[in-house]
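Heads up, entry.json below (JSON, C-alpha atoms and all ligand atoms):
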```
[["chain", "number", "residue", "atom", "x", "y", "z"],
["A", 454, "MET", "CA", 13.59, 25.46, -18.77],
["A", 455, "ALA", "CA", 12.98, 21.90, -20.02],
["A", 456, "HIS", "CA", 10.83, 21.51, -23.12],
["A", 457, "ASP", "CA", 8.50, 18.72, -24.14],
["A", 458, "SER", "CA", 10.57, 16.29, -26.16],
["A", 459, "ALA", "CA", 7.69, 15.59, -28.57],
["A", 460, "GLY", "CA", 4.25, 16.95, -29.30],
["A", 461, "PRO", "CA", 0.95, 15.17, -28.78],
["A", 462, "VAL", "CA", 0.02, 12.25, -31.03],
["A", 463, "PRO", "CA", -3.36, 10.57, -31.62],
["A", 464, "LEU", "CA", -4.67, 8.56, -28.68],
["A", 465, "PRO", "CA", -3.52, 4.93, -28.63],
["A", 466, "ALA", "CA", -6.39, 2.59, -29.54],
["A", 467, "ASP", "CA", -6.76, 1.10, -26.03],
["A", 468, "ILE", "CA", -7.27, 4.57, -24.56],
["A", 469, "ALA", "CA", -9.57, 5.81, -27.34],
["A", 470, "ASP", "CA", -11.75, 2.70, -27.04],
["A", 471, "ALA", "CA", -12.01, 2.94, -23.27],
["A", 472, "LEU", "CA", -12.87, 6.64, -23.39],
["A", 473, "ALA", "CA", -15.62, 5.94, -25.90],
["A", 474, "ARG", "CA", -17.13, 3.51, -23.42],
["A", 475, "VAL", "CA", -17.41, 6.16, -20.68],
["A", 476, "ALA", "CA", -18.34, 9.03, -23.01],
["A", 477, "THR", "CA", -21.74, 9.55, -21.38],
["A", 478, "ARG", "CA", -20.01, 10.03, -18.02],
["A", 479, "LEU", "CA", -17.72, 12.77, -19.38],
["A", 480, "PRO", "CA", -20.05, 15.76, -19.72],
["A", 481, "GLY", "CA", -19.04, 18.20, -22.44],
["A", 482, "SER", "CA", -16.64, 15.67, -24.01],
["A", 483, "PRO", "CA", -13.50, 17.39, -22.71],
["A", 484, "PRO", "CA", -10.36, 16.84, -24.80],
["A", 485, "VAL", "CA", -7.87, 14.15, -23.77],
["A", 486, "VAL", "CA", -4.41, 14.59, -25.29],
["A", 487, "TYR", "CA", -1.65, 12.03, -25.28],
["A", 488, "TYR", "CA", 2.12, 12.59, -25.36],
["A", 489, "PRO", "CA", 4.64, 9.78, -25.89],
["A", 490, "SER", "CA", 7.05, 11.88, -23.84],
["A", 491, "LEU", "CA", 6.81, 15.18, -22.01],
["A", 492, "THR", "CA", 8.29, 17.01, -19.06],
["A", 493, "SER", "CA", 5.25, 16.85, -16.80],
["A", 494, "THR", "CA", 1.59, 16.36, -17.65],
["A", 495, "THR", "CA", 0.82, 19.06, -15.11],
["A", 496, "ASP", "CA", 2.94, 21.65, -16.95],
["A", 497, "VAL", "CA", 1.21, 20.88, -20.23],
["A", 498, "ALA", "CA", -2.26, 20.85, -18.64],
["A", 499, "ALA", "CA", -1.58, 24.23, -17.03],
["A", 500, "ARG", "CA", -0.62, 25.68, -20.42],
["A", 501, "LEU", "CA", -3.83, 24.30, -21.93],
["A", 502, "ALA", "CA", -5.85, 25.73, -19.04],
["A", 503, "GLU", "CA", -4.24, 29.16, -19.56],
["A", 504, "ARG", "CA", -5.41, 28.94, -23.17],
["A", 505, "GLY", "CA", -8.97, 28.18, -22.05],
["A", 506, "ALA", "CA", -9.14, 24.36, -21.95],
["A", 507, "PRO", "CA", -12.46, 23.32, -20.39],
["A", 508, "ASP", "CA", -13.14, 21.55, -17.14],
["A", 509, "GLY", "CA", -12.13, 17.89, -17.44],
["A", 510, "ALA", "CA", -9.54, 18.38, -20.18],
["A", 511, "ALA", "CA", -6.78, 15.83, -19.57],
["A", 512, "VAL", "CA", -3.16, 15.29, -20.54],
["A", 513, "VAL", "CA", -1.73, 11.77, -20.52],
["A", 514, "GLY", "CA", 1.98, 11.02, -20.81],
["A", 515, "GLU", "CA", 3.61, 7.71, -21.65],
["A", 516, "LEU", "CA", 6.65, 8.95, -19.75],
["A", 517, "GLN", "CA", 7.61, 12.15, -17.95],
["A", 518, "THR", "CA", 11.12, 13.53, -17.95],
["A", 519, "ALA", "CA", 10.45, 15.93, -15.07],
["A", 520, "GLY", "CA", 7.48, 14.45, -13.20],
["A", 521, "ARG", "CA", 6.75, 16.32, -9.97],
["A", 522, "GLY", "CA", 5.59, 15.00, -6.62],
["A", 523, "ARG", "CA", 4.37, 16.80, -3.51],
["A", 524, "LEU", "CA", 6.72, 18.73, -1.25],
["A", 525, "GLY", "CA", 9.13, 19.55, -4.08],
["A", 526, "ARG", "CA", 9.96, 15.93, -4.80],
["A", 527, "SER", "CA", 10.29, 14.38, -8.24],
["A", 528, "TRP", "CA", 7.94, 11.64, -9.44],
["A", 529, "TYR", "CA", 9.70, 8.72, -11.07],
["A", 530, "SER", "CA", 7.89, 8.26, -14.41],
["A", 531, "PRO", "CA", 9.42, 5.58, -16.65],
["A", 532, "PRO", "CA", 7.49, 4.43, -19.75],
["A", 533, "GLY", "CA", 4.87, 1.74, -19.27],
["A", 534, "ALA", "CA", 5.24, 1.53, -15.49],
["A", 535, "GLY", "CA", 2.62, 4.08, -14.53],
["A", 536, "LEU", "CA", -0.36, 6.11, -15.56],
["A", 537, "TYR", "CA", 0.68, 9.79, -15.60],
["A", 538, "VAL", "CA", -2.28, 12.12, -16.02],
["A", 539, "SER", "CA", -3.25, 15.72, -15.27],
["A", 540, "VAL", "CA", -6.79, 17.05, -15.40],
["A", 541, "VAL", "CA", -8.06, 20.64, -15.58],
["A", 542, "PHE", "CA", -10.52, 21.45, -12.79],
["A", 543, "ARG", "CA", -12.50, 24.65, -13.27],
["A", 544, "PRO", "CA", -13.99, 25.31, -9.87],
["A", 545, "SER", "CA", -17.41, 26.78, -9.36],
["A", 546, "GLU", "CA", -17.52, 29.96, -7.32],
["A", 547, "ALA", "CA", -18.28, 27.91, -4.20],
["A", 548, "SER", "CA", -15.50, 25.37, -4.56],
["A", 549, "ALA", "CA", -13.01, 28.11, -5.52],
["A", 550, "LEU", "CA", -13.22, 29.23, -1.93],
["A", 551, "LEU", "CA", -12.15, 25.81, -0.70],
["A", 552, "PRO", "CA", -8.95, 24.71, -2.47],
["A", 553, "PRO", "CA", -8.26, 21.82, -0.05],
["A", 554, "MET", "CA", -11.63, 20.36, -0.97],
["A", 555, "ILE", "CA", -10.43, 19.84, -4.54],
["A", 556, "THR", "CA", -7.57, 17.73, -3.23],
["A", 557, "LEU", "CA", -9.84, 15.64, -1.02],
["A", 558, "THR", "CA", -12.36, 15.26, -3.82],
["A", 559, "ALA", "CA", -9.67, 13.99, -6.18],
["A", 560, "GLY", "CA", -8.49, 11.47, -3.57],
["A", 561, "VAL", "CA", -12.00, 10.06, -3.20],
["A", 562, "ALA", "CA", -12.59, 9.96, -6.97],
["A", 563, "LEU", "CA", -9.33, 8.19, -7.74],
["A", 564, "ALA", "CA", -9.54, 5.72, -4.86],
["A", 565, "GLU", "CA", -13.00, 4.74, -6.06],
["A", 566, "ALA", "CA", -11.86, 4.43, -9.68],
["A", 567, "VAL", "CA", -8.99, 2.10, -8.76],
["A", 568, "ARG", "CA", -11.32, 0.04, -6.56],
["A", 569, "VAL", "CA", -13.91, -0.29, -9.35],
["A", 570, "CYS", "CA", -11.32, -1.39, -11.91],
["A", 571, "THR", "CA", -9.27, -3.71, -9.73],
["A", 572, "HIS", "CA", -11.33, -4.57, -6.63],
["A", 573, "LEU", "CA", -8.15, -3.93, -4.64],
["A", 574, "PRO", "CA", -8.64, -2.60, -1.08],
["A", 575, "VAL", "CA", -7.22, 0.83, -1.87],
["A", 576, "GLU", "CA", -7.28, 3.34, 0.98],
["A", 577, "ILE", "CA", -6.36, 7.00, 1.29],
["A", 578, "LYS", "CA", -3.47, 8.08, 3.51],
["A", 579, "TRP", "CA", -3.73, 11.71, 4.55],
["A", 580, "PRO", "CA", -3.60, 13.99, 2.72],
["A", 581, "ASN", "CA", -4.21, 12.02, -0.45],
["A", 582, "ASP", "CA", -1.83, 9.16, -1.16],
["A", 583, "LEU", "CA", -3.52, 6.01, -2.40],
["A", 584, "VAL", "CA", -2.14, 3.04, -0.50],
["A", 585, "ILE", "CA", -2.58, -0.69, -0.19],
["A", 586, "GLY", "CA", -1.55, -1.75, 3.27],
["A", 587, "ARG", "CA", 1.48, 0.38, 4.03],
["A", 588, "ARG", "CA", 2.64, 0.69, 0.43],
["A", 589, "LYS", "CA", 1.95, 3.63, -1.86],
["A", 590, "LEU", "CA", 0.12, 2.86, -5.08],
["A", 591, "ALA", "CA", -0.54, 6.36, -6.36],
["A", 592, "GLY", "CA", 0.12, 10.01, -5.63],
["A", 593, "ILE", "CA", -1.91, 13.10, -6.35],
["A", 594, "LEU", "CA", -0.58, 16.62, -6.83],
["A", 595, "THR", "CA", -2.98, 19.54, -7.00],
["A", 596, "GLU", "CA", -1.61, 22.85, -8.26],
["A", 597, "ALA", "CA", -3.47, 26.12, -8.77],
["A", 598, "PRO", "CA", -2.34, 29.58, -9.89],
["A", 599, "GLY", "CA", -3.21, 31.16, -6.55],
["A", 600, "VAL", "CA", -4.53, 30.23, -3.16],
["A", 601, "GLU", "CA", -8.12, 31.38, -3.44],
["A", 602, "ARG", "CA", -10.48, 32.26, -6.26],
["A", 603, "PHE", "CA", -8.28, 30.67, -8.88],
["A", 604, "ALA", "CA", -9.62, 30.17, -12.43],
["A", 605, "TYR", "CA", -8.49, 26.56, -12.56],
["A", 606, "ALA", "CA", -6.60, 23.89, -10.68],
["A", 607, "ILE", "CA", -4.62, 21.03, -12.15],
["A", 608, "VAL", "CA", -5.11, 17.66, -10.52],
["A", 609, "GLY", "CA", -2.16, 15.45, -11.49],
["A", 610, "PHE", "CA", -2.02, 11.80, -10.57],
["A", 611, "GLY", "CA", 0.46, 9.01, -11.01],
["A", 612, "ILE", "CA", -0.71, 5.42, -10.51],
["A", 613, "ASN", "CA", 1.87, 2.62, -10.43],
["A", 614, "LEU", "CA", 0.75, 0.05, -12.98],
["A", 615, "ARG", "CA", 3.59, -2.43, -12.79],
["A", 616, "PRO", "CA", 6.80, -2.91, -10.81],
["A", 617, "ALA", "CA", 9.61, -0.64, -11.88],
["A", 618, "ALA", "CA", 13.20, -0.10, -10.85],
["A", 619, "TYR", "CA", 12.12, 2.46, -8.26],
["A", 620, "PRO", "CA", 14.82, 4.63, -6.69],
["A", 621, "PRO", "CA", 16.02, 3.02, -3.40],
["A", 622, "ASP", "CA", 14.33, 5.63, -1.20],
["A", 623, "ILE", "CA", 10.88, 4.58, -2.43],
["A", 624, "ALA", "CA", 11.41, 0.95, -3.48],
["A", 625, "ASP", "CA", 10.34, -0.58, -0.16],
["A", 626, "ARG", "CA", 7.37, 1.75, 0.23],
["A", 627, "ALA", "CA", 5.85, 1.46, -3.24],
["A", 628, "THR", "CA", 3.56, -1.06, -4.85],
["A", 629, "SER", "CA", 1.82, -1.41, -8.19],
["A", 630, "ILE", "CA", -1.48, -2.73, -9.44],
["A", 631, "GLU", "CA", 0.23, -5.63, -11.20],
["A", 632, "SER", "CA", 2.17, -6.60, -8.05],
["A", 633, "GLU", "CA", -1.01, -6.59, -6.01],
["A", 634, "LEU", "CA", -3.29, -8.31, -8.54],
["A", 635, "GLY", "CA", -0.76, -10.73, -9.98],
["A", 636, "ARG", "CA", -1.81, -9.64, -13.46],
["A", 637, "PRO", "CA", -1.81, -6.40, -15.42],
["A", 638, "VAL", "CA", -4.70, -3.98, -15.49],
["A", 639, "GLU", "CA", -5.97, -2.49, -18.75],
["A", 640, "ARG", "CA", -4.60, 1.03, -18.53],
["A", 641, "GLY", "CA", -7.20, 2.46, -20.93],
["A", 642, "LEU", "CA", -10.05, 1.23, -18.73],
["A", 643, "LEU", "CA", -8.35, 2.52, -15.60],
["A", 644, "LEU", "CA", -7.73, 5.92, -17.18],
["A", 645, "ALA", "CA", -11.32, 6.17, -18.42],
["A", 646, "GLU", "CA", -12.71, 5.22, -14.99],
["A", 647, "CYS", "CA", -10.45, 7.78, -13.29],
["A", 648, "LEU", "CA", -11.63, 10.58, -15.59],
["A", 649, "ALA", "CA", -15.29, 9.60, -15.23],
["A", 650, "SER", "CA", -14.99, 9.36, -11.44],
["A", 651, "LEU", "CA", -13.22, 12.73, -11.23],
["A", 652, "ALA", "CA", -16.00, 14.29, -13.32],
["A", 653, "ALA", "CA", -18.70, 12.80, -11.08],
["A", 654, "TRP", "CA", -17.07, 13.84, -7.81],
["A", 655, "HIS", "CA", -16.26, 17.30, -9.15],
["A", 656, "ASP", "CA", -19.95, 17.64, -9.96],
["A", 657, "ALA", "CA", -20.69, 16.76, -6.34],
["A", 658, "LEU", "CA", -18.29, 19.48, -5.21],
["A", 659, "ARG", "CA", -19.85, 22.05, -7.51],
["A", 660, "ALA", "CA", -23.28, 21.06, -6.20],
["A", 661, "GLY", "CA", -22.10, 21.91, -2.69],
["A", 662, "ARG", "CA", -22.04, 18.32, -1.45],
["A", 663, "GLN", "CA", -18.92, 18.82, 0.68],
["A", 664, "ALA", "CA", -20.38, 16.82, 3.55],
["A", 665, "ALA", "CA", -20.85, 13.77, 1.33],
["A", 666, "ILE", "CA", -17.31, 14.09, 0.00],
["A", 667, "LEU", "CA", -15.86, 14.34, 3.50],
["A", 668, "GLU", "CA", -17.91, 11.37, 4.65],
["A", 669, "ARG", "CA", -16.64, 9.25, 1.75],
["A", 670, "TRP", "CA", -13.08, 10.46, 2.32],
["A", 671, "ARG", "CA", -13.26, 9.42, 5.98],
["A", 672, "ALA", "CA", -14.59, 5.98, 5.04],
["A", 673, "LEU", "CA", -11.77, 5.49, 2.53],
["A", 674, "ALA", "CA", -9.12, 6.70, 4.99],
["A", 675, "PRO", "CA", -9.47, 4.58, 8.15],
["A", 676, "SER", "CA", -5.90, 5.41, 9.20],
["A", 677, "SER", "CA", -6.95, 9.03, 9.72],
["A", 678, "HIS", "CA", -8.53, 7.83, 12.98],
["A", 679, "GLY", "CA", -6.72, 6.12, 15.83],
["A", 680, "THR", "CA", -3.35, 5.55, 14.14],
["A", 681, "THR", "CA", -0.07, 6.47, 15.80],
["A", 682, "ILE", "CA", 1.96, 8.73, 13.56],
["A", 683, "GLU", "CA", 4.96, 10.99, 13.54],
["A", 684, "TRP", "CA", 5.59, 14.12, 11.54],
["A", 685, "THR", "CA", 8.20, 16.83, 11.35],
["A", 686, "THR", "CA", 7.25, 20.22, 12.66],
["A", 687, "ARG", "CA", 9.49, 23.24, 13.18],
["A", 688, "GLY", "CA", 12.55, 21.04, 12.65],
["A", 689, "SER", "CA", 11.73, 18.35, 15.19],
["A", 690, "VAL", "CA", 9.78, 15.11, 15.11],
["A", 691, "ALA", "CA", 6.42, 15.01, 16.87],
["A", 692, "THR", "CA", 4.23, 12.00, 17.58],
["A", 693, "GLY", "CA", 0.53, 11.56, 18.21],
["A", 694, "VAL", "CA", -2.61, 9.63, 17.39],
["A", 695, "THR", "CA", -4.81, 10.63, 14.47],
["A", 696, "GLY", "CA", -8.24, 11.98, 15.36],
["A", 697, "GLY", "CA", -9.88, 12.53, 11.97],
["A", 698, "ILE", "CA", -9.99, 15.49, 9.61],
["A", 699, "ASP", "CA", -11.91, 18.72, 10.03],
["A", 700, "GLU", "CA", -14.11, 20.41, 7.39],
["A", 701, "ASP", "CA", -11.05, 22.07, 5.85],
["A", 702, "GLY", "CA", -9.24, 18.76, 5.36],
["A", 703, "ALA", "CA", -6.71, 19.40, 8.14],
["A", 704, "LEU", "CA", -5.62, 16.31, 10.06],
["A", 705, "LEU", "CA", -6.29, 16.41, 13.80],
["A", 706, "VAL", "CA", -3.71, 14.66, 15.95],
["A", 707, "ARG", "CA", -3.90, 14.06, 19.68],
["A", 708, "THR", "CA", -0.54, 14.62, 21.37],
["A", 709, "VAL", "CA", 0.55, 14.82, 25.00],
["A", 710, "ASP", "CA", 0.19, 18.59, 24.71],
["A", 711, "GLY", "CA", -3.32, 18.57, 23.25],
["A", 712, "THR", "CA", -4.76, 18.42, 19.74],
["A", 713, "GLU", "CA", -2.59, 19.56, 16.84],
["A", 714, "ARG", "CA", -4.03, 20.53, 13.47],
["A", 715, "ILE", "CA", -1.81, 19.56, 10.53],
["A", 716, "VAL", "CA", -2.74, 21.47, 7.38],
["A", 717, "ALA", "CA", 0.00, 20.33, 5.00],
["A", 718, "GLY", "CA", 3.02, 18.10, 4.78],
["A", 719, "GLU", "CA", 3.57, 14.44, 5.36],
["A", 720, "ILE", "CA", 2.88, 12.01, 8.15],
["A", 721, "ARG", "CA", 4.57, 8.67, 8.82],
["A", 722, "TRP", "CA", 2.86, 5.68, 10.35],
["A", 723, "ILE", "CA", 4.85, 4.20, 13.24],
["B", 1, "LIG", "C1", 2.98, 12.73, -4.73],
["B", 1, "LIG", "O1", 4.07, 13.22, -4.41],
["B", 1, "LIG", "O2", 2.50, 11.78, -4.11],
["B", 1, "LIG", "C2", 2.22, 13.26, -5.92],
["B", 1, "LIG", "C3", 2.69, 12.65, -7.20],
["B", 1, "LIG", "C4", 1.96, 13.16, -8.43],
["B", 1, "LIG", "C5", 2.54, 12.61, -9.71],
["B", 1, "LIG", "C6", 1.73, 12.95, -10.91],
["B", 1, "LIG", "S1", 2.20, 12.05, -12.35],
["B", 1, "LIG", "C7", 1.19, 13.06, -13.32],
["B", 1, "LIG", "C8", 1.32, 14.48, -12.81],
["B", 1, "LIG", "N1", 2.44, 15.14, -13.41],
["B", 1, "LIG", "C9", 3.40, 15.43, -12.54],
["B", 1, "LIG", "O3", 4.47, 16.00, -12.80],
["B", 1, "LIG", "N2", 3.03, 15.02, -11.31],
["B", 1, "LIG", "C10", 1.71, 14.41, -11.33]]
```
Here is the file; what I need is its structure written in the form of structure tokens.
Amino acid sequence: MAHDSAGPVPLPADIADALARVATRLPGSPPVVYYPSLTSTTDVAARLAERGAPDGAAVVGELQTAGRGRLGRSWYSPPGAGLYVSVVFRPSEASALLPPMITLTAGVALAEAVRVCTHLPVEIKWPNDLVIGRRKLAGILTEAPGVERFAYAIVGFGINLRPAAYPPDIADRATSIESELGRPVERGLLLAECLASLAAWHDALRAGRQAAILERWRALAPSSHGTTIEWTTRGSVATGVTGGIDEDGALLVRTVDGTERIVAGEIRWI
């Protein structure tokens, strides 16, 4: 098994300063630890959670040597090109029964944080990619030690800050904040806003405000309605038109054979 190549070090000044500015929006002052290099922020956050780290505890990596994406993919994580962060979510009893809600909640929180910091027209592509136009700006990976009634979940997110030498399979589908804005974003401010937004939306989830979260998700994800897509199912490619998400976060798709319900996986816009 790969090991972290270095331990945590004190927070860089830009991050410490930005976190101080949002301190009142981070209830309980959860710890934020920073690694110059590590395998995956999600692996480290899971270890901290196993040792009792509180809700909102976060791990930030300057680079990841084994960053993970959804569907068993790797997440390209060179130094300086992205924000690589994982946050411990300790669900309330109610939200523990609804793991997909944590994923949707994180998508809403992070889309809003990027919008606040950059004013870019970030949208959500089902299930929870952050996109600008047709290009992916950020990915979110939620992992939990179980399917239901888990003690914690780890919400990991990678936001592309500046153009990088992306592998060819993602180069023409990726974008970065700097490419879109024409100038860099202050990563400390973006990180702080992401953590504060995640805390606020997780509070909403704990308070049972699923309807409000779903409503905001739908508004941030216009392509989940009326867009022609294809996806792979049982080894073949199917096509249809998106018809929104249901209360469990599944994507409804109208096909010639009726309405399909996609619960996991990936869709492609065509
Ligand atoms: C996706 O495939 O779209 C999800 C990508 C999630 C990447 C982030 S980067 C920080 C955290 N650590 C990981 O190993 N993965 C997530």
Item to check | Cut-off 6 Å, only C-alpha atoms and all ligand atoms, neighbours of ligand LIG 1 (chain B) as a count of residues only | outcome: 18
Next on the checklist: Taking all atoms listed in the file into account, name the residue in A:Val716, A:Leu583, A:Leu501, A:Leu614 that is nearest to A:Leu644.
Outcome noted: A:Leu614
Checklist entry - Which of these, A:Asp625, A:Glu503, A:Glu565, A:Asp496, has the shortest distance to A:Thr595 once you count all atoms listed in the file? => result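 Counting all atoms listed in the file, the residue closest to A:Thr595 is A:Asp496.
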Item to check | Of the listed residues A:Leu704, A:Leu491, A:Leu557, A:Ala664, that which approaches A:Gln517 most closely, counting only C-alpha atoms | outcome: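 Of all the options, A:Leu491 lies closest to A:Gln517.
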Next on the checklist: Taking all atoms listed in the file into account, name the residue in A:Thr692, A:Ser527, A:Thr558, A:Thr628 that is nearest to A:Gly661.
Outcome noted: A:Thr558
Next on the checklist: Can you pull out the residues contacting A:Val541? Cut-off 6 Å, using all atoms listed in the file, and skip same-chain residues under 4 positions away; I want them as a ChimeraX atom specification.
Outcome noted: /A:508-510,607
Next on the checklist: Here is a test: counting only C-alpha atoms, which residue of A:Ala645, A:Val575, A:Ala606, A:Ile468 is nearest to A:Pro552?
Outcome noted: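 Once distances to A:Pro552 are computed over only C-alpha atoms, the minimum belongs to A:Ala606.
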Checklist entry - Contacts of stretch 712-714 of chain A at 9 Å or less, counting all atoms listed in the file, minus same-chain residues fewer than 3 places along, as a VMD selection string? => result chain A and resid 693 696 698 to 699 703 to 709
Item to check | Within 9 Å of A:Ile630 using only C-alpha atoms, minus same-chain residues under 3 positions, as a list in words | outcome: Val567, Thr571, Leu573, Leu590, Ile612, Asn613, Leu614, Arg615, Pro616, Glu633, Leu634, Gly635, Arg636, Pro637 and Val638 of chain A
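Taking all atoms listed in the file, the non-local environment of A:Ala652 within 8 Å (same-chain residues fewer than 6 positions away omitted) comprises Arg478, Leu479, Pro480 and Gly509 of chain A.
Between A:Leu643 and the residues A:Leu524, A:Ser629, A:Leu563, A:Ala672, the shortest atom-to-atom distance, using all atoms listed in the file, involves A:Leu563.
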Next on the checklist: Using Å and a single decimal, report how far atom CA of A:Ala597 sits from atom CA of A:Ser689.
Outcome noted: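 Atom-to-atom, atom CA of A:Ser689 and atom CA of A:Ala597 are spaced 29.4 Å apart.
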Next on the checklist: Quick one: residues within 12 Å of A:Pro621, all atoms listed in the file, excluding same-chain residues fewer than 5 positions away - as a PyMOL selection string?
Outcome noted: chain A and resi 529+626-627
Checklist entry - For the atom pair atom CA of A:Ile723 and atom CA of A:Glu683, what is the interatomic distance in Å to one decimal place? => result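 Computed distance, atom CA of A:Ile723 to atom CA of A:Glu683, equals 6.8 Å.
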Item to check | For atom CA of A:Ala562 and atom CA of A:Gly460, the interatomic separation in Å (one decimal) | outcome: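 Atom CA of A:Gly460 lies at a distance of 28.8 Å from atom CA of A:Ala562.
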Checklist entry - Around (8.3, 0.8, -14.8) in the file's own coordinates, what residues are found within 6 Å if you use all atoms listed in the file, given back as number ranges by chain? => result A: 531, 533-534, 616-617
Taking every listed atom of stretch 612-627 of chain A and adding 3 Å to each side, what centre and edge lengths in Å (one decimal) does the axis-aligned box have, as lines of an AutoDock Vina configuration file?
```
center_x = 7.7
center_y = 1.4
center_z = -6.4
size_x = 22.7
size_y = 14.5
size_z = 19.2
```
